[in-house]
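So the structure is just underneath, and the comments pick up after that.
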Amino acid sequence: MFNFKAIIKILGFLLIVEGAFMLISMLVAILYSGPDVSPLLNSALITLGVGGLTVGAMFKAEKRISKNDGFIIVSLVWIVFSFFGSLPYLLSHSMPSLSDAFFETMSGFTTTGSSILNDIEALPHGILFWRSLTQWLGGMGIIVLSLAILPVFGIGGMQLFAAEVPGPVPDKLNPRIQQTAKNLWAIYVLFTLAEALLLWLGGMTFFDAINHSFTTMATGGYSTKQASIAYWDSPFIQYVIIFFMFIAGTNFTLSYSAFTGKFDKVYKNEEFKYYVLFIVIFTAIIFSGLLLTTQLGYEQAFRDTLFQVVSIITTTGYATADYLTWIPFLMVLIFTLFFFGGSAGSTGGGIKIMRIVLLLKNSYYELRRLLHPNAVIPVRFNKRSVSEQIITNVLAFFMIYLIIFFVSTIAFTLIEPDLNSSMGAVATCLGNIGPGLGKFGPAENFSQVPAIGKWFLSFLMLLGRLELFTVLVLFSPAFWKK
Amino acid sequence: MKIVIVGAGEVGTHLAKMLSREDHDIVLMDDDTEKLNKLSSQVDLLTITGYANSFKDLKDAGVSKSDLLIAVTPYEERNIMACVMAKDMGVGRTVARINNAEYLEEKYKEKLRNLGVDELIYPESLAGKEIASSVKQVGTRQLIEFSGGKLILMGIKIRENAPVLNKSFEELSYIESEIRAVAINRENHTIIPHGHDYVRAGDIIFFITTRNYMNKVFELTGKEIFPVRNIMILGGSRIAQKTVERLGDHYNIKIIESDKIRSQKIADRLENVLVINGDGRNLELLKEERIERMDAFIAVTGNSETNILSCHMAKKLGIKRTVAEVENIDFMGIAESMDIGSLINKKLIAASYIYKYTLGAQVAQAKCLTASEAEVFEFIASEGSKITQAPVKDLGFPEDATLGGVVRGQMAFVAKGETIIQADDKVVVFALPSAIRKLDKFFK
């Protein structure tokens with residue numbers, strides 16, 4: 001019933017893609033003539049070799065894949081990518097163990113941005129580039145990239161696309177899935193280049209500019225500096241990054257509409273309005289809080305607030321200020337943002353604005369339904385009524401998200417007894433954000449977590465990136481029954 | 001090609017699936033979101049929820065940049081309106097599905113064309129035509145004439161009494177080189193046969209030949225030819241009426257219709273037909289009307305199950321020629337294996353008719369073989385095209401396609417290995433969907 005040959009063949013194809021990107025990182029290493037040329041070359045050769053062999057062995061596999069095959073492919077590809085993606089770290093001895101390297105790679109591909117590194121600047125350029133590149137690839141999605149460049153998926157493509165693109169209902173821009181994927185990637189590349197240029201003009205080195213634009217557009221949050229963005233004490237750089245984090249947290253199909261001149265689609269989009277509204281409200285409250293409780297100047301307080309709010313709501317996870325040093329009220333507000341996430345169809349993680357809005361609307365309408373038991377009150381979004389099925393799906397998503405959060409927090413307290421830190425670590429990994437609370441705040445990292453904890457958190461990142469259902473369905477007995 | 005299909009009914013859905021597989025960019029529009037959602041997870045296309053006669057929805061569908069608009073909602077007025085509006089927005093060509101034979105008259109067609117409706121599809125009329133031709137030609141499941149009957153395609157069911165049973169196609173070509181088998185329906189699959197394949201009982205084989213050799217085909221397949229005089233039609237649907245119109249006055253036709261008012265209407269409209277008001281599933285009634293004396297039995301009630309069962313019964317009673325209208329595409333495979341004669345599906349017929357508008361200029365005609373995946377094309381070989389440059393056997397023609405025959409001026413002949421195609425020949429080609437794209441390069 002499962003077409004395992006086709007699954008393995010597609011995974012092989014994707015590994016070849018990954019190997020190619022390792023070669024690009026190797027070119028960077030050569031450019032800086034660092035010690036990481038041969039580790040990167042060897043990783044690329046291993047990845048390309050394994051990919052090539054599996055494709056060769058399974059070349060005659062039947063092309064047709066079912067919906068269920070699609071779930072397996074999408075879940076597996078992220079795991080397989082993370083294993084092979086950790087080769088450069090291991091071969092260059094940048095990281096001490098497989099659990100560290102796997103955590104770092106999974107954190108990269110899922111655009112979480114939690115790191116185990118204590119001294120980022122010590123790593124050679126090629127490895128750093130690969131680290132940022134994993135986020136950039138994971139941001140728009142491995143499958144979406146492959147859909148754009150490889151014609152290997154056949155009709156199953158739409159299912160894979162839907163399984164990987166965030167949000168309850170995926171948007172298609174063109175009749176052809178391949179064209180849609182190409183357009184999305186084109187916009188993504190364009191924004192990345194624009195940001196890199198601006199950061200470079202703002203005073204970053206070209207290498208840092210490229211790396212940071214990779215991780216901004218992916219809402220990843222890896223930096224090439226231990227101090228993250230705070231390293232550059234430049235308001236210009238911070239505002240540029242705020243702007244592009246903001247863009248990365250919007251639905252990319254909106255950017256496409258804007259590029260094709262349909263601006264009304266952007267400002268009439270309800271999710272976009274709420275996204276802006278949430279940012280404004282949280283910024284306003286925290287800004288006033290900071291003014292009252294700290295000695296910061298207006299501009300500094302505003303910039304710090306806006307940067308942290310946008311960084312957390314888009315699940316990027318850069319830091320220019322340590323929100324753990326703020327008063328608890330403000331810190332909890334930031335923690336609330338952990339559960340928001342970017343828009344549907346963005347590169348952000350979390351629950352997504354669209355789901356939050358649908359949940360709030362539905363809950364509010366439930367009150368009105370109580371008052372008018374016979375009234376027909378559909379939940380409207382973008383001026384169309386949303387089907388019951390989608391509402392149920394969103395409710396289930398929210399419920400499962402919370403259950404996973406609570407159960408994982410309880411489980412994680414076995415590893416990390418401090419409740420604050422434990423909650424923060426679970427929420428940040430599940431939401432693909434980066435920094436957590438307590439011992440895992442913006443100024444700290446995850447290197448102290450024992451190996452088992454790292455594997456556990458890596459799994460949570462995967463769950464969060466693929467929006468729960470794709471992965472969880474593999475654990476349901478019904479999935480494997482004939 | 002960019003194609004907008006309006007109406008995700010069975011015709012629209014079937015077309016969307018078929019065209020999407022052949023690398024056209026499809027936008028499918030319907031007012032039922034659920035229907036669209038189901039389809040968009042199976043087929044690579046863009047779906048838009050909207051109304052056929054809304055300017056805004058048509059604009060959203062990108063009509064202005066499309067090459068073809070196909071309006072196939074169940075409502076004639078909406079379809080025509082959609083075509084008129086889309087033409088105004090700048091679509092290349094428009095096709096509307098209609099339910100009114102009046103529009104097909106040449107003088108009115110012209111008026112509609114001026115409005116912006118380029119082509120008209122009347123599925124019931126097309127089905128009637130198909131039924132009439134299959135009744136006229138007993139012994140075949142499907143009969144398609146090319147170039148005014150110079151070349152003939154015959155789909156024939158092979159039974160145990162056929163002399164060609166268990167012979168290979170290579171042997172067949174020695175027996176009679178003017179007959180060529182071009183496609184086989186076997187156990188719900190369509191095969192393009194090669195020399196080493198064998199004829200098996202239960203196959204439906206599509207032969208191509210010229211008019212003079214038709215009797216030879218019947219002889220080889222063990223079919224006896226009998227004249228058809230008495231025809232019984234079950235159901236007084238529009239298809240039935242169109243069939244009667246097509247058949248003409250040379251037959252004794254009985255129509256059985258269960259609805260009283262409708263019976264009267266049909267009796268009013270069709271003079272030479274005996275209309276009987278009664279339930280066609282009632283065996284007593286059928287026997288009273290001497291069903292066993294009929295030469296042909298056509299079941300075209302709106303209900304596929306009734307049609308299948310009554311044809312099955314008619315076959316049991318010894319009627320040689322039966323035709324059943326089966327509208328559920330899912331039933332086609334089962335019905336095919338039930339031995340109930342020819343099957344007619346008006347949606348498939350309409351779809352294959354519309355299909356030819358999506359093909360290049362080299363294609364003069366395209367048809368879908370009933371209950372089969374293969375399609376027939378009539379290509380015109382252009383000057384200097386690849387097809388004219390070598391004998392057929394050296395062309396490297398795709399495996400899943402085959403050349404049937406050639407019409408050259410007033411002459412027609414069946415294609416053989418050493419045939420060389422000349423410019424301006426009309427070439428009849430059979431292809432599975434996987435090969436259709438590859439054909440273009442041979443004829444350009």
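Quick note on naming: the chains in the structure tokens go A, B, ... in the order shown, residues restart at 1 in each chain, and ligands are numbered from 1 in order of appearance.
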Name the residues in contact with Gly342 of chain A at a cut-off of 7 Å, using only C-alpha atoms, excluding same-chain residues fewer than 2 positions from it; report them as an mmCIF file with N, CA and C atoms, in the first residue's frame.
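Output file around22.cif is given in full below:
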```
data_model
loop_
_atom_site.group_PDB
_atom_site.id
_atom_site.type_symbol
_atom_site.label_atom_id
_atom_site.label_comp_id
_atom_site.auth_asym_id
_atom_site.auth_seq_id
_atom_site.Cartn_x
_atom_site.Cartn_y
_atom_site.Cartn_z
ATOM 1 N N GLY A 249 7.403 37.450 8.113
ATOM 2 C CA GLY A 249 6.282 36.920 8.877
ATOM 3 C C GLY A 249 4.948 37.089 8.181
ATOM 4 N N THR A 250 4.955 37.713 6.987
ATOM 5 C CA THR A 250 3.694 37.846 6.236
ATOM 6 C C THR A 250 3.570 36.692 5.246
ATOM 7 N N ILE A 313 7.294 37.474 17.553
ATOM 8 C CA ILE A 313 6.025 37.129 16.906
ATOM 9 C C ILE A 313 6.274 36.434 15.567
ATOM 10 N N THR A 314 7.341 36.827 14.861
ATOM 11 C CA THR A 314 7.647 36.154 13.602
ATOM 12 C C THR A 314 8.430 34.873 13.842
ATOM 13 N N THR A 315 8.735 34.559 15.097
ATOM 14 C CA THR A 315 9.515 33.390 15.500
ATOM 15 C C THR A 315 10.940 33.406 14.954
ATOM 16 N N PHE A 340 2.060 32.990 19.216
ATOM 17 C CA PHE A 340 1.391 33.605 18.070
ATOM 18 C C PHE A 340 1.929 33.086 16.744
ATOM 19 N N ALA A 344 -0.029 32.654 8.015
ATOM 20 C CA ALA A 344 -0.041 31.437 7.208
ATOM 21 C C ALA A 344 0.696 31.733 5.909
ATOM 22 N N SER A 346 3.842 32.082 5.551
ATOM 23 C CA SER A 346 5.090 32.814 5.768
ATOM 24 C C SER A 346 6.161 31.788 6.093
ATOM 25 N N GLY A 348 7.463 31.838 9.082
ATOM 26 C CA GLY A 348 7.427 31.789 10.541
ATOM 27 C C GLY A 348 6.821 30.504 11.073
ATOM 28 N N GLY A 349 7.040 30.273 12.376
ATOM 29 C CA GLY A 349 6.488 29.082 13.018
ATOM 30 C C GLY A 349 5.306 29.437 13.895
ATOM 31 N N GLY A 350 5.170 28.695 15.008
ATOM 32 C CA GLY A 350 4.100 29.000 15.962
ATOM 33 C C GLY A 350 2.734 28.569 15.480
ATOM 34 N N LYS A 352 0.321 30.528 14.261
ATOM 35 C CA LYS A 352 -0.034 31.341 13.086
ATOM 36 C C LYS A 352 -1.198 32.278 13.402
ATOM 37 N N ILE A 353 -1.048 33.509 12.922
ATOM 38 C CA ILE A 353 -2.036 34.569 13.149
ATOM 39 C C ILE A 353 -3.425 34.129 12.697
#
```
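Within 8 Å of chain A, counting only C-alpha atoms, chain B contributes Asp25, Ile26, Val27, Ser40, Ser41, Gln42, Val43, Asp44, Leu45, Leu46 and Thr47 of chain B.
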- Go through segment 253-356 of chain A and collect every residue that DSSP, computed from the backbone, puts in alpha helix (DSSP H); the answer should be as JSON, numbers by chain. {"A": [253, 254, 255, 256, 257, 258, 259, 263, 264, 265, 266, 267, 270, 271, 272, 273, 274, 275, 276, 277, 278, 279, 280, 281, 282, 283, 284, 285, 286, 287, 288, 289, 290, 291, 292, 293, 298, 299, 300, 301, 302, 303, 304, 305, 306, 307, 308, 309, 310, 311, 312, 313, 328, 329, 330, 331, 332, 333, 334, 335, 336, 337, 353, 354, 355, 356]}
- Item | strand (DSSP E or B) residues, from DSSP on the backbone, in segment 107-185 of chain B, as a list of chain:residue names | B:Glu119, B:Leu120, B:Ile121, B:Gln142, B:Leu143, B:Ile144, B:Glu145, B:Phe146, B:Leu151, B:Ile152, B:Leu153, B:Met154, B:Gly155, B:Ile156, B:Lys157, B:Ser168, B:Arg180, B:Ala181, B:Val182, B:Ala183, B:Ile184, B:Asn185
- Just the residues within 9 Å of Tyr51 of chain B, please, counting only C-alpha atoms, with nothing from its chain fewer than 3 positions along; format it as a PyMOL selection string. chain B and resi 6-7+29-31+54-58+78
Within 9 Å of segment 86-100 of chain B, counting only C-alpha atoms, which residues qualify if same-chain residues fewer than 4 places away don't, as a PDB file with C-alpha atoms, in the first residue's frame?
```pdb
ATOM      1  CA  PHE B  55     -17.208  39.872 -14.206  1.00  0.00           C
ATOM      2  CA  LEU B  58     -13.909  35.750 -14.355  1.00  0.00           C
ATOM      3  CA  LYS B  59     -11.279  38.436 -13.989  1.00  0.00           C
ATOM      4  CA  VAL B  63      -9.537  35.027 -18.296  1.00  0.00           C
ATOM      5  CA  SER B  64      -7.949  38.000 -20.042  1.00  0.00           C
ATOM      6  CA  LYS B  65      -4.639  36.171 -20.361  1.00  0.00           C
ATOM      7  CA  SER B  66      -6.073  32.764 -21.228  1.00  0.00           C
ATOM      8  CA  ASP B  67      -6.229  31.015 -24.573  1.00  0.00           C
ATOM      9  CA  LEU B  68      -9.452  29.135 -24.070  1.00  0.00           C
ATOM     10  CA  LEU B  69     -12.574  29.439 -21.953  1.00  0.00           C
ATOM     11  CA  ILE B  70     -14.738  26.357 -21.579  1.00  0.00           C
ATOM     12  CA  ALA B  71     -18.123  27.073 -19.996  1.00  0.00           C
ATOM     13  CA  VAL B  72     -19.774  23.809 -18.990  1.00  0.00           C
ATOM     14  CA  THR B  73     -22.067  24.631 -16.080  1.00  0.00           C
ATOM     15  CA  PRO B  74     -25.488  22.942 -16.261  1.00  0.00           C
ATOM     16  CA  TYR B  75     -27.051  26.296 -17.192  1.00  0.00           C
ATOM     17  CA  GLU B  76     -27.014  27.280 -20.824  1.00  0.00           C
ATOM     18  CA  GLU B  77     -27.636  30.984 -20.168  1.00  0.00           C
ATOM     19  CA  ASN B  79     -22.428  29.454 -20.164  1.00  0.00           C
ATOM     20  CA  ILE B  80     -23.269  31.791 -22.999  1.00  0.00           C
ATOM     21  CA  MET B  81     -23.035  34.805 -20.720  1.00  0.00           C
ATOM     22  CA  ALA B  82     -19.638  33.651 -19.451  1.00  0.00           C
ATOM     23  CA  LEU B 104     -26.724  24.900 -33.714  1.00  0.00           C
ATOM     24  CA  LEU B 115     -21.567  37.900 -29.541  1.00  0.00           C
ATOM     25  CA  GLY B 116     -18.362  36.091 -28.633  1.00  0.00           C
ATOM     26  CA  VAL B 117     -19.392  32.445 -28.363  1.00  0.00           C
ATOM     27  CA  ASP B 118     -17.029  30.664 -30.737  1.00  0.00           C
ATOM     28  CA  GLU B 119     -18.001  27.031 -30.348  1.00  0.00           C
ATOM     29  CA  LEU B 120     -21.095  25.279 -29.086  1.00  0.00           C
ATOM     30  CA  ILE B 121     -21.330  21.897 -27.428  1.00  0.00           C
ATOM     31  CA  TYR B 122     -24.604  20.069 -27.155  1.00  0.00           C
ATOM     32  CA  PRO B 123     -23.757  16.806 -25.371  1.00  0.00           C
ATOM     33  CA  GLU B 124     -27.180  15.192 -25.860  1.00  0.00           C
ATOM     34  CA  SER B 125     -27.044  15.809 -29.586  1.00  0.00           C
ATOM     35  CA  ALA B 350     -18.563  16.149 -24.924  1.00  0.00           C
ATOM     36  CA  ILE B 354     -14.004  20.005 -26.606  1.00  0.00           C
ATOM     37  CA  TYR B 357      -9.811  22.834 -29.365  1.00  0.00           C
TER      38      TYR B 357
END
```
- For segment 334-345 of chain B, list every protein, DNA or RNA residue within 6 Å, evaluated using only C-alpha atoms, and leave out those in the same chain fewer than 4 positions away; present the list as a ChimeraX atom specification. /B:141,311-312,322-327
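Closest approach to Ser257 of chain A from the set A:Asn183, A:Ile400, A:Thr305, A:Leu430 is made by A:Asn183, with distances taken over only C-alpha atoms.
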- Message: So that I can see what lies close to Leu19 of chain B, please list as a list in words the residues with an atom at most 10 Å from it, counting only C-alpha atoms and leaving out residues fewer than 4 positions away in the same chain.
- Response: Met1, Ile3, Thr13, His14, Leu15, Asp23, His24, Asp25, Ile26, Leu45, Tyr355, Thr358 and Pro433 of chain B
How would the residues just chosen look if you wrote them out with C-alpha atoms as a PDB file, in the first residue's frame?
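Written output follows (part-v6.pdb):
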```pdb
ATOM      1  CA  MET B   1      -1.979  26.567 -23.129  1.00  0.00           C
ATOM      2  CA  ILE B   3      -7.369  27.216 -20.100  1.00  0.00           C
ATOM      3  CA  THR B  13     -13.927  17.745 -13.989  1.00  0.00           C
ATOM      4  CA  HIS B  14     -13.129  15.176 -16.633  1.00  0.00           C
ATOM      5  CA  LEU B  15     -11.679  17.817 -18.939  1.00  0.00           C
ATOM      6  CA  ASP B  23       0.687  20.027 -19.239  1.00  0.00           C
ATOM      7  CA  HIS B  24      -1.908  22.663 -19.833  1.00  0.00           C
ATOM      8  CA  ASP B  25      -2.378  25.334 -17.159  1.00  0.00           C
ATOM      9  CA  ILE B  26      -5.882  24.847 -15.852  1.00  0.00           C
ATOM     10  CA  LEU B  45      -4.662  22.987 -11.115  1.00  0.00           C
ATOM     11  CA  TYR B 355     -10.585  18.454 -26.294  1.00  0.00           C
ATOM     12  CA  THR B 358      -6.773  22.458 -27.154  1.00  0.00           C
ATOM     13  CA  PRO B 433      -2.309  10.091 -22.943  1.00  0.00           C
TER      14      PRO B 433
END
```
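Here atom CA of Gly417 of chain B stands at a distance of 17.4 Å from atom CA of Ala381 of chain B.
Residue neighbourhood of Lys223 of chain B, excluding near-sequence residues (fewer than 2 positions): Val138, Gly139, Thr140, Ile156, Asn161, Ala162, Val217, Phe218, Glu219, Leu220, Thr221 and Ile225 of chain B, at 9 Å, using only C-alpha atoms.
When atom CA of Thr283 of chain A is paired with atom CA of Thr325 of chain A, their separation reads 17.1 Å.
Separating atom CA of Phe331 of chain B from atom CA of Thr190 of chain B is a distance of 16.8 Å.
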